[in-house]
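Coordinates from start_39.csv are shown below (CSV, C-alpha atoms).
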chain,number,residue,atom,x,y,z
A,1,MET,CA,97.6,112.6,121.7
A,2,TYR,CA,97.9,116.0,119.9
A,3,ASN,CA,99.8,117.7,117.1
A,4,SER,CA,101.6,120.5,118.9
A,5,LYS,CA,101.5,122.7,115.8
A,6,THR,CA,97.8,122.3,115.0
A,7,GLY,CA,96.3,121.1,118.3
A,8,SER,CA,94.5,118.3,116.4
A,9,PHE,CA,94.2,114.8,117.7
A,10,THR,CA,96.9,112.4,116.4
A,11,PHE,CA,96.5,109.5,118.8
A,12,GLY,CA,100.3,108.9,119.0
A,13,PHE,CA,101.2,109.5,115.3
A,14,VAL,CA,103.3,112.3,113.9
A,15,ASN,CA,100.3,114.3,112.6
A,16,GLU,CA,96.6,114.0,112.0
A,17,ASN,CA,97.2,113.2,108.3
A,18,MET,CA,99.1,110.0,109.1
A,19,THR,CA,96.4,109.1,111.6
A,20,GLY,CA,93.8,109.7,109.0
A,21,MET,CA,95.5,107.6,106.4
A,22,ILE,CA,95.9,104.7,108.7
A,23,LEU,CA,92.3,104.9,109.8
A,24,ALA,CA,91.3,105.0,106.1
A,25,VAL,CA,93.4,101.8,105.5
A,26,PHE,CA,91.6,100.1,108.4
A,27,ALA,CA,88.2,101.2,107.0
A,28,LEU,CA,89.0,99.5,103.7
A,29,CYS,CA,90.7,96.4,105.1
A,30,ILE,CA,87.7,95.4,107.2
A,31,PHE,CA,85.9,94.6,103.9
A,32,PHE,CA,88.3,91.7,103.3
A,33,LYS,CA,88.3,88.2,104.7
A,34,ASN,CA,91.6,86.4,105.3
A,35,ASN,CA,91.2,84.6,102.0
A,36,GLY,CA,90.9,87.8,100.1
A,37,GLU,CA,87.1,87.6,99.6
A,38,PHE,CA,85.4,91.0,99.6
A,39,ILE,CA,82.4,91.2,102.0
A,40,VAL,CA,79.9,93.9,102.8
A,41,ASN,CA,77.8,93.9,106.0
A,42,ARG,CA,76.2,96.3,108.4
A,43,LEU,CA,79.2,96.4,110.7
A,44,ASN,CA,81.9,97.3,108.2
A,45,VAL,CA,79.5,99.8,106.5
A,46,LEU,CA,78.8,101.5,109.8
A,47,PHE,CA,82.5,101.6,110.6
A,48,LEU,CA,83.2,103.2,107.2
A,49,ILE,CA,80.6,105.9,107.8
A,50,CYS,CA,82.2,106.7,111.1
A,51,VAL,CA,85.6,106.9,109.6
A,52,LEU,CA,84.3,109.2,106.8
A,53,PHE,CA,82.8,111.4,109.5
A,54,ILE,CA,86.0,111.5,111.5
A,55,GLU,CA,88.2,112.2,108.5
A,56,LYS,CA,86.0,115.1,107.5
A,57,PHE,CA,85.2,116.8,110.8
A,58,LEU,CA,88.0,115.7,113.2
A,59,PHE,CA,91.0,115.5,110.9
A,60,ASN,CA,89.8,117.5,107.9
A,61,ASP,CA,91.8,115.0,105.8
A,62,SER,CA,90.7,115.4,102.2
A,63,THR,CA,93.3,113.0,100.9
A,64,ALA,CA,92.1,110.1,103.0
A,65,LEU,CA,88.5,110.8,101.8
A,66,VAL,CA,89.7,110.8,98.2
A,67,MET,CA,91.5,107.5,98.8
A,68,ILE,CA,88.4,105.9,100.3
A,69,ILE,CA,86.1,107.3,97.5
A,70,SER,CA,88.6,106.3,94.8
A,71,PHE,CA,88.7,102.7,96.1
A,72,PHE,CA,84.9,102.3,95.8
A,73,VAL,CA,84.7,104.1,92.5
A,74,PHE,CA,87.2,101.6,91.0
A,75,LEU,CA,85.5,98.8,92.7
A,76,ILE,CA,82.1,99.7,91.3
A,77,THR,CA,83.5,100.1,87.8
A,78,LYS,CA,85.6,96.9,87.9
A,79,LYS,CA,83.4,95.3,85.2
A,80,THR,CA,84.1,98.2,82.9
A,81,ILE,CA,87.8,98.1,83.6
A,82,ARG,CA,87.8,94.3,82.9
A,83,ARG,CA,86.1,95.0,79.5
A,84,VAL,CA,87.8,98.1,78.1
A,85,LYS,CA,91.5,97.7,77.2
A,86,LEU,CA,92.1,101.5,77.0
A,87,ILE,CA,91.0,101.9,80.6
A,88,GLN,CA,93.2,99.0,81.7
A,89,PHE,CA,96.2,100.7,80.0
A,90,VAL,CA,95.5,104.0,81.8
A,91,CYS,CA,95.2,102.1,85.1
A,92,ILE,CA,98.5,100.4,84.5
A,93,ILE,CA,100.4,103.6,83.8
A,94,THR,CA,98.6,105.7,86.5
A,95,PRO,CA,101.8,105.8,88.7
A,96,LEU,CA,103.9,107.0,85.8
A,97,ILE,CA,101.4,109.6,84.8
A,98,LEU,CA,101.2,110.9,88.4
A,99,ALA,CA,105.0,110.9,88.8
A,100,ILE,CA,105.5,112.9,85.6
A,101,PHE,CA,102.7,115.3,86.5
A,102,SER,CA,104.2,115.9,89.9
A,103,PHE,CA,107.5,117.0,88.5
A,104,TYR,CA,105.8,119.0,85.7
A,105,VAL,CA,103.8,121.1,88.1
A,106,SER,CA,106.7,121.4,90.4
A,107,TYR,CA,109.1,122.9,87.8
A,108,THR,CA,106.5,125.1,86.0
A,109,PHE,CA,104.8,126.6,89.1
A,110,SER,CA,105.1,130.3,89.5
A,111,ILE,CA,103.8,132.2,92.5
A,112,THR,CA,103.2,135.3,90.4
A,113,SER,CA,100.9,133.6,87.9
A,114,ALA,CA,97.2,132.8,88.2
A,115,ASN,CA,97.0,129.8,85.9
A,116,TRP,CA,95.5,126.3,86.6
A,117,ILE,CA,98.6,125.2,88.4
A,118,SER,CA,98.2,128.0,90.9
A,119,LYS,CA,94.6,127.0,91.4
A,120,LEU,CA,95.7,123.4,91.9
A,121,ASN,CA,98.3,124.6,94.4
A,122,ASP,CA,95.5,126.4,96.4
A,123,LEU,CA,93.4,123.2,96.3
A,124,LEU,CA,96.4,121.1,97.6
A,125,SER,CA,97.1,123.5,100.5
A,126,ALA,CA,100.3,125.0,98.9
A,127,ARG,CA,101.9,121.6,98.3
A,128,ILE,CA,103.0,122.6,94.7
A,129,TYR,CA,104.7,125.8,96.1
A,130,ILE,CA,106.6,123.6,98.5
A,131,TRP,CA,107.5,121.1,95.7
A,132,ASN,CA,108.7,124.0,93.5
A,133,TYR,CA,111.0,125.3,96.3
A,134,TYR,CA,112.7,122.0,96.6
A,135,ALA,CA,112.8,121.2,92.9
A,136,SER,CA,114.4,124.6,92.3
A,137,ASN,CA,117.0,124.3,95.0
A,138,TYR,CA,117.7,120.6,95.3
A,139,PRO,CA,119.0,119.1,92.0
A,140,LEU,CA,117.9,115.6,91.1
A,141,THR,CA,120.5,112.9,91.8
A,142,LEU,CA,120.7,109.3,90.7
A,143,PHE,CA,120.9,107.8,94.2
A,144,PRO,CA,119.6,108.8,97.7
A,145,ASN,CA,121.2,112.0,98.9
A,146,ASN,CA,121.7,114.0,102.1
A,147,TRP,CA,119.2,116.8,101.3
A,148,GLN,CA,117.5,118.1,104.5
A,149,ILE,CA,113.9,119.3,104.8
A,150,ASN,CA,113.9,123.1,105.4
A,151,ALA,CA,112.0,123.8,108.6
A,152,LYS,CA,111.4,127.4,107.5
A,153,ILE,CA,109.3,126.3,104.5
A,154,PHE,CA,105.8,125.6,106.0
A,155,SER,CA,107.3,124.3,109.2
A,156,GLY,CA,109.1,121.5,107.3
A,157,TYR,CA,106.0,119.9,105.9
A,158,PHE,CA,106.6,118.0,102.7
A,159,ASP,CA,103.7,115.9,101.3
A,160,GLY,CA,103.8,114.2,97.9
A,161,GLY,CA,105.1,110.7,97.5
A,162,TYR,CA,106.4,110.8,93.9
A,163,ILE,CA,108.2,114.1,94.1
A,164,TYR,CA,109.7,113.2,97.5
A,165,LEU,CA,111.0,109.9,96.1
A,166,GLY,CA,112.6,111.7,93.2
A,167,LEU,CA,114.2,114.5,95.1
A,168,PHE,CA,115.3,112.7,98.3
A,169,GLN,CA,115.7,109.1,97.2
A,170,GLY,CA,117.0,109.7,93.7
A,171,LYS,CA,116.0,108.9,90.2
A,172,ILE,CA,117.0,105.2,90.4
A,173,TRP,CA,114.7,104.5,93.3
A,174,LEU,CA,111.9,106.6,91.8
A,175,THR,CA,112.1,104.6,88.6
A,176,ILE,CA,112.2,101.2,90.4
A,177,ILE,CA,109.2,102.0,92.5
A,178,VAL,CA,107.1,103.7,89.8
A,179,LEU,CA,107.7,100.9,87.3
A,180,GLY,CA,107.1,98.4,90.1
A,181,LEU,CA,103.7,100.0,90.7
A,182,CYS,CA,102.9,99.9,87.0
A,183,LEU,CA,104.0,96.2,86.8
A,184,ALA,CA,101.8,95.4,89.9
A,185,ASN,CA,98.8,97.0,88.3
A,186,PHE,CA,99.4,95.1,85.1
A,187,ARG,CA,99.7,91.7,86.9
A,188,LEU,CA,96.6,92.4,88.9
A,189,ILE,CA,94.6,93.1,85.8
A,190,ARG,CA,96.1,90.1,84.0
A,191,HIS,CA,95.0,87.9,86.9
A,192,ASN,CA,91.5,89.5,87.1
A,193,ASN,CA,92.2,90.8,90.7
A,194,PHE,CA,90.2,94.0,90.3
A,195,VAL,CA,89.4,94.4,94.0
A,196,ILE,CA,93.1,94.6,95.0
A,197,LEU,CA,93.7,96.7,91.9
A,198,ALA,CA,91.1,99.2,93.3
A,199,PHE,CA,93.0,99.2,96.5
A,200,MET,CA,96.3,99.7,94.7
A,201,LEU,CA,95.0,102.6,92.5
A,202,ALA,CA,93.6,104.3,95.6
A,203,PHE,CA,97.0,104.3,97.2
A,204,GLU,CA,98.7,105.5,94.1
A,205,ILE,CA,96.3,108.4,93.7
A,206,ALA,CA,96.7,109.3,97.4
A,207,GLY,CA,100.4,109.2,96.9
A,208,PHE,CA,100.3,112.2,94.6
A,209,SER,CA,99.6,114.6,97.5
A,210,GLU,CA,100.6,112.5,100.5
A,211,ASN,CA,103.6,110.4,101.5
A,212,VAL,CA,101.5,107.3,101.7
A,213,LEU,CA,103.7,105.5,99.2
A,214,ILE,CA,106.8,106.0,101.3
A,215,ASN,CA,105.5,105.9,104.9
A,216,ILE,CA,106.3,102.5,106.2
A,217,ASN,CA,103.3,102.7,108.7
A,218,GLU,CA,100.6,102.4,106.0
A,219,SER,CA,102.2,101.8,102.6
A,220,PHE,CA,100.3,99.0,100.9
A,221,ALA,CA,101.2,99.8,97.4
A,222,ILE,CA,105.0,99.9,97.7
A,223,ILE,CA,105.0,96.3,99.0
A,224,LEU,CA,103.3,95.1,95.9
A,225,ALA,CA,105.6,97.3,93.8
A,226,PHE,CA,108.6,95.2,94.9
A,227,LEU,CA,106.7,91.9,94.8
A,228,ALA,CA,105.7,92.6,91.2
A,229,TYR,CA,109.4,92.1,90.1
A,230,LYS,CA,109.2,88.5,91.3
A,231,PRO,CA,108.3,86.3,88.3
A,232,SER,CA,106.3,83.8,90.3
A,233,TRP,CA,104.2,86.4,92.1
A,234,MET,CA,100.5,85.6,91.9
A,235,HIS,CA,101.2,82.3,90.1
A,236,ASN,CA,101.2,80.1,93.2
A,237,LYS,CA,97.5,80.3,93.7
A,238,ASP,CA,94.3,81.8,92.2
A,239,LEU,CA,93.9,85.4,93.4
A,240,ALA,CA,91.1,86.3,91.1
A,241,ILE,CA,88.3,88.3,92.8

When written as structure tokens, how does the structure in this file appear?
Amino acid sequence: MYNSKTGSFTFGFVNENMTGMILAVFALCIFFKNNGEFIVNRLNVLFLICVLFIEKFLFNDSTALVMIISFFVFLITKKTIRRVKLIQFVCIITPLILAIFSFYVSYTFSITSANWISKLNDLLSARIYIWNYYASNYPLTLFPNNWQINAKIFSGYFDGGYIYLGLFQGKIWLTIIVLGLCLANFRLIRHNNFVILAFMLAFEIAGFSENVLININESFAIILAFLAYKPSWMHNKDLAI
């Protein structure tokens, strides 16, 4: 029921962040019917408000809050996304941008400097410092490796889906997954499925600072990343929303 290191409620999961992410997924999923139709009623709005309250005051999980807010921002602006090609292009390559940015800040971070990366590191609870340690000591490999998490560095915490994929699963898997995410975004836009696109982008953005992309418990985006390589995906029925 508790995280032994922080004393926070986890309800059976490894830590409160994972619990918070799964709860955030539930909060978003209840807005969908079985046929993919997006619905809004008092019950799911009330549940969403309760989840936002729990995320903020019980788990203090900012990433889950960002994921929920991102989803509704993309959902509200879906007409603009549908109309503006440049915004569509940015949406398509969002995973690539975030992956490149993850490695850039990881390799250029310096604990002695007071630049914008250091400020971003403070905002992300020292995640970039952790990334920098592993990026400096664990060389990138083509395929998955036997690198082990160092328990002495922030008690072994490592959050950040893109950098984790690159360092621990290798450049090949990182490339396959990131390009798969981009391809999934492209196909969702092509088929006018902007509701699922909003869901996808929310996961991809959360994946920058959390392991939501690689945790099998709540990874929605990585499933579509692999499905996107199938030529017939989304051609069997109309998924436009």

List every residue of region 118-215 of chain A that has an atom at most 9 Å from any atom of region 13-34 of chain A, giving for each one its closest atom pair and the distance in Å to one decimal, counting all atoms listed in the file, sorted by chain and then by ascending residue number, as CSV.
residue,atom,partner,partner_atom,distance
A:Phe199,CA,A:Leu28,CA,8.2
A:Glu210,CA,A:Asn17,CA,8.5
A:Asn211,CA,A:Met18,CA,8.8
A:Val212,CA,A:Met21,CA,7.6
A:Asn215,CA,A:Met18,CA,8.7

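When all atoms listed in the file are used to measure the gap to Val73 (chain A), the shortest distance among A:Pro144, A:Ile100, A:Phe194, A:Leu165 belongs to A:Phe194.
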
(request) For CA of Phe74 (chain A) and CA of Leu201 (chain A), determine how far apart the two atoms are, in Å to one decimal place. (result)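 It comes out at 8.0 Å.
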
(request) Rounded to one decimal place, report the CA of Gly207 (chain A)-CA of Leu96 (chain A) distance in Å. (result) 11.8 Å

List every residue of region 57-159 of chain A that has an atom at most 6 Å from any atom of region 168-185 of chain A, and for each one report the closest atom pair and its distance in Å to one decimal, counting only C-alpha atoms, with rows sorted by chain and then by increasing residue number, as JSON lines.
{"residue": "A:Ile92", "atom": "CA", "partner": "A:Cys182", "partner_atom": "CA", "distance": 5.1}
{"residue": "A:Ile93", "atom": "CA", "partner": "A:Cys182", "partner_atom": "CA", "distance": 5.5}
{"residue": "A:Pro95", "atom": "CA", "partner": "A:Val178", "partner_atom": "CA", "distance": 5.8}
{"residue": "A:Thr141", "atom": "CA", "partner": "A:Gly170", "partner_atom": "CA", "distance": 5.1}
{"residue": "A:Leu142", "atom": "CA", "partner": "A:Lys171", "partner_atom": "CA", "distance": 4.7}
{"residue": "A:Phe143", "atom": "CA", "partner": "A:Gly170", "partner_atom": "CA", "distance": 4.4}
{"residue": "A:Pro144", "atom": "CA", "partner": "A:Gln169", "partner_atom": "CA", "distance": 3.9}
{"residue": "A:Asn145", "atom": "CA", "partner": "A:Phe168", "partner_atom": "CA", "distance": 6.0}

(message) Please list as an NGL selection string every residue within 12 Å of Lys152 (chain A), counting all atoms listed in the file and excluding residues in the same chain fewer than 5 positions away.
(response) :A and (130 or 133 or 157-158)

(request) Measure the distance from CA of Ile196 (chain A) to CA of Leu213 (chain A) in Å and round it to one decimal. (result)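 Between these atoms lies a distance of 15.8 Å.
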
(message) Just checking: using only C-alpha atoms, which residue out of A:Thr80, A:Thr94, A:Asn41, A:Asn146 ends up closest to Ala202 (chain A)?
(response) A:Thr94

(request) Point out the residue among A:Ser62, A:Asn44, A:Asn193, A:Gln88 with the least atom-to-atom distance to Ser125 (chain A), counting only C-alpha atoms. (result)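 With only C-alpha atoms as the atom set, the closest residue is A:Ser62.
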
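Between Val66 (chain A) and the residues A:Phe203, A:Ala221, A:Tyr104, A:Tyr134, the shortest atom-to-atom distance, using all atoms listed in the file, involves A:Phe203.
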
(message) Using all atoms listed in the file for the distances, tell me which of A:Phe11, A:Asn115, A:Phe101, A:Arg82 is nearest to Leu58 (chain A).
(response)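 Among the listed residues, the smallest separation from Leu58 (chain A) belongs to A:Phe11.
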
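Shortest separation to Ile163 (chain A) among A:Ile223, A:Val40, A:Ala99, A:Leu188 occurs at residue A:Ala99, atoms counted being all atoms listed in the file.
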